[in-house]
Amino acid sequence: MSDPHAVIERVAALFADAPQDHLDGLTVDMGPWWFNLRPSNTEPLLRLNLEAPTEDECRRHTDEILDHITTLKEA
């Protein structure tokens with residue numbers, strides 16, 4: 001990924017209505033689920049951490065965020 005910080009800022013804009021923290025990358029609180037997206041310190045990639053109440057919701061939201069990242073990095 002050539003510019004992980006730009007992708008993070010674009011993801012932040014997509015979730016602008018949700019509470020966000022920028023201390024360690026981007027953390028977005030979606031109520032029952034949340035995610036953190038940050039650049040790797042050692043590799044040219046982004047790291048995504050996500051927690052949701054169920055495994056199914058975790059997979060669904062992970063897929064959603066990854067779709068956004070894929071679309072944004074290609075833009």
# chains A, B, ... in the order shown; residues from 1 in each chain; ligands from 1
>>> residues_around(residues="Pro4 in chain A", least_positions_apart="4", cutoff="10 Å", atoms="only C-alpha atoms", output="list of chain:residue names")
A:Ile8, A:Glu9, A:Arg10, A:Gly25, A:Leu37, A:Arg38, A:Pro39, A:Ser40, A:Pro44, A:Leu45, A:Leu46, A:Arg47, A:Ile69, A:Lys73
>>> write_last_selection(atoms="C-alpha atoms", output="short mmCIF file (atom, residue, chain, number, x, y, z; two decimals), in the first residue's frame")
data_model
loop_
_atom_site.label_atom_id
_atom_site.label_comp_id
_atom_site.auth_asym_id
_atom_site.auth_seq_id
_atom_site.Cartn_x
_atom_site.Cartn_y
_atom_site.Cartn_z
CA ILE A 8 -7.18 5.72 6.82
CA GLU A 9 -8.38 9.29 6.35
CA ARG A 10 -10.80 8.20 3.62
CA GLY A 25 -4.42 4.94 13.72
CA LEU A 37 -7.26 0.58 11.40
CA ARG A 38 -3.61 1.52 11.58
CA PRO A 39 -0.50 1.40 9.44
CA SER A 40 2.02 -1.32 10.19
CA PRO A 44 3.71 -1.22 3.84
CA LEU A 45 0.22 -2.36 4.86
CA LEU A 46 -2.70 -1.62 7.12
CA ARG A 47 -3.69 -3.64 10.17
CA ILE A 69 -10.17 -0.32 1.98
CA LYS A 73 -6.71 2.22 -2.18
#
>>> select_by_dssp(residues="range 40-72 of chain A", states="helix (DSSP H, G or I)", output="NGL selection string")
:A and (55-72)
>>> residues_around(residues="Trp33 in chain A", least_positions_apart="2", cutoff="7 Å", atoms="only C-alpha atoms", output="ChimeraX atom specification")
/A:29-31,51-53
>>> select_by_dssp(residues="range 24-54 of chain A", states="strand (DSSP E)", output="list of chain:residue names")
A:Leu26, A:Thr27, A:Val28, A:Asp29, A:Trp34, A:Phe35, A:Asn36, A:Leu37, A:Arg38, A:Pro39, A:Leu46, A:Arg47, A:Leu48, A:Asn49, A:Leu50, A:Glu51
>>> write_last_selection(atoms="C-alpha atoms", output="PDB file, in the first residue's frame")
ATOM      1  CA  LEU A  26      -8.198   5.182  13.486  1.00  0.00           C
ATOM      2  CA  THR A  27     -10.592   3.666  16.009  1.00  0.00           C
ATOM      3  CA  VAL A  28     -14.297   3.883  15.202  1.00  0.00           C
ATOM      4  CA  ASP A  29     -16.976   3.026  17.767  1.00  0.00           C
ATOM      5  CA  TRP A  34     -15.815  -1.268  16.752  1.00  0.00           C
ATOM      6  CA  PHE A  35     -12.701  -1.338  14.609  1.00  0.00           C
ATOM      7  CA  ASN A  36      -9.168  -0.008  14.608  1.00  0.00           C
ATOM      8  CA  LEU A  37      -7.260   0.584  11.398  1.00  0.00           C
ATOM      9  CA  ARG A  38      -3.607   1.525  11.580  1.00  0.00           C
ATOM     10  CA  PRO A  39      -0.495   1.401   9.438  1.00  0.00           C
ATOM     11  CA  LEU A  46      -2.704  -1.618   7.119  1.00  0.00           C
ATOM     12  CA  ARG A  47      -3.690  -3.643  10.173  1.00  0.00           C
ATOM     13  CA  LEU A  48      -7.377  -4.068  10.955  1.00  0.00           C
ATOM     14  CA  ASN A  49      -8.670  -5.109  14.375  1.00  0.00           C
ATOM     15  CA  LEU A  50     -12.412  -5.483  14.818  1.00  0.00           C
ATOM     16  CA  GLU A  51     -14.668  -6.729  17.593  1.00  0.00           C
TER      17      GLU A  51
END
>>> closest_residue(among="A:Val11, A:Asp24, A:Asp56, A:Ala18", to="Asn41 in chain A", atoms="only C-alpha atoms")
A:Asp24
>>> atom_distance(atom1="CA of Ile65 in chain A", atom2="CA of Leu23 in chain A")
19.3 Å
>>> decode(residues="chain A", atoms="C-alpha atoms", output="mmCIF file, in the first residue's frame")
data_model
loop_
_atom_site.group_PDB
_atom_site.id
_atom_site.type_symbol
_atom_site.label_atom_id
_atom_site.label_comp_id
_atom_site.auth_asym_id
_atom_site.auth_seq_id
_atom_site.Cartn_x
_atom_site.Cartn_y
_atom_site.Cartn_z
ATOM 1 C CA MET A 1 0.000 0.000 0.000
ATOM 2 C CA SER A 2 1.623 3.207 -1.137
ATOM 3 C CA ASP A 3 -0.176 5.656 1.191
ATOM 4 C CA PRO A 4 -1.829 3.945 4.180
ATOM 5 C CA HIS A 5 -2.479 7.253 5.943
ATOM 6 C CA ALA A 6 -4.550 8.525 3.017
ATOM 7 C CA VAL A 7 -6.657 5.352 3.065
ATOM 8 C CA ILE A 8 -7.184 5.716 6.823
ATOM 9 C CA GLU A 9 -8.376 9.293 6.353
ATOM 10 C CA ARG A 10 -10.797 8.200 3.622
ATOM 11 C CA VAL A 11 -12.193 5.421 5.846
ATOM 12 C CA ALA A 12 -12.580 7.994 8.637
ATOM 13 C CA ALA A 13 -14.624 10.158 6.276
ATOM 14 C CA LEU A 14 -16.904 7.202 5.466
ATOM 15 C CA PHE A 15 -17.645 6.783 9.179
ATOM 16 C CA ALA A 16 -17.707 10.494 10.031
ATOM 17 C CA ASP A 17 -21.005 10.171 11.928
ATOM 18 C CA ALA A 18 -19.525 7.651 14.410
ATOM 19 C CA PRO A 19 -17.283 8.502 17.390
ATOM 20 C CA GLN A 20 -13.625 8.289 16.353
ATOM 21 C CA ASP A 21 -10.242 8.292 18.019
ATOM 22 C CA HIS A 22 -6.996 8.949 16.140
ATOM 23 C CA LEU A 23 -4.510 8.089 18.896
ATOM 24 C CA ASP A 24 -3.252 4.839 17.319
ATOM 25 C CA GLY A 25 -4.421 4.936 13.724
ATOM 26 C CA LEU A 26 -8.198 5.182 13.486
ATOM 27 C CA THR A 27 -10.592 3.666 16.009
ATOM 28 C CA VAL A 28 -14.297 3.883 15.202
ATOM 29 C CA ASP A 29 -16.976 3.026 17.767
ATOM 30 C CA MET A 30 -20.086 1.727 16.051
ATOM 31 C CA GLY A 31 -21.947 0.936 19.282
ATOM 32 C CA PRO A 32 -22.165 -2.848 19.454
ATOM 33 C CA TRP A 33 -18.995 -3.229 17.336
ATOM 34 C CA TRP A 34 -15.815 -1.268 16.752
ATOM 35 C CA PHE A 35 -12.701 -1.338 14.609
ATOM 36 C CA ASN A 36 -9.168 -0.008 14.608
ATOM 37 C CA LEU A 37 -7.260 0.584 11.398
ATOM 38 C CA ARG A 38 -3.607 1.525 11.580
ATOM 39 C CA PRO A 39 -0.495 1.401 9.438
ATOM 40 C CA SER A 40 2.023 -1.321 10.189
ATOM 41 C CA ASN A 41 5.285 -0.113 11.708
ATOM 42 C CA THR A 42 7.326 -2.667 9.771
ATOM 43 C CA GLU A 43 5.471 -3.339 6.511
ATOM 44 C CA PRO A 44 3.706 -1.224 3.844
ATOM 45 C CA LEU A 45 0.220 -2.356 4.856
ATOM 46 C CA LEU A 46 -2.704 -1.618 7.119
ATOM 47 C CA ARG A 47 -3.690 -3.643 10.173
ATOM 48 C CA LEU A 48 -7.377 -4.068 10.955
ATOM 49 C CA ASN A 49 -8.670 -5.109 14.375
ATOM 50 C CA LEU A 50 -12.412 -5.483 14.818
ATOM 51 C CA GLU A 51 -14.668 -6.729 17.593
ATOM 52 C CA ALA A 52 -18.367 -7.540 17.335
ATOM 53 C CA PRO A 53 -20.864 -9.416 19.548
ATOM 54 C CA THR A 54 -20.953 -12.543 17.361
ATOM 55 C CA GLU A 55 -18.590 -14.318 15.012
ATOM 56 C CA ASP A 56 -21.019 -13.803 12.123
ATOM 57 C CA GLU A 57 -21.218 -10.050 12.750
ATOM 58 C CA CYS A 58 -17.441 -9.905 13.048
ATOM 59 C CA ARG A 59 -17.037 -11.542 9.629
ATOM 60 C CA ARG A 60 -19.690 -9.323 8.053
ATOM 61 C CA HIS A 61 -18.198 -6.076 9.391
ATOM 62 C CA THR A 62 -14.657 -7.187 8.554
ATOM 63 C CA ASP A 63 -15.743 -7.835 4.969
ATOM 64 C CA GLU A 64 -17.421 -4.417 4.874
ATOM 65 C CA ILE A 65 -14.299 -2.580 6.072
ATOM 66 C CA LEU A 66 -12.013 -4.576 3.768
ATOM 67 C CA ASP A 67 -14.279 -3.739 0.808
ATOM 68 C CA HIS A 68 -13.965 -0.037 1.679
ATOM 69 C CA ILE A 69 -10.172 -0.315 1.975
ATOM 70 C CA THR A 70 -9.865 -2.133 -1.350
ATOM 71 C CA THR A 71 -12.036 0.436 -3.105
ATOM 72 C CA LEU A 72 -10.247 3.402 -1.522
ATOM 73 C CA LYS A 73 -6.705 2.221 -2.176
ATOM 74 C CA GLU A 74 -7.558 1.769 -5.850
ATOM 75 C CA ALA A 75 -8.998 5.290 -6.098
#
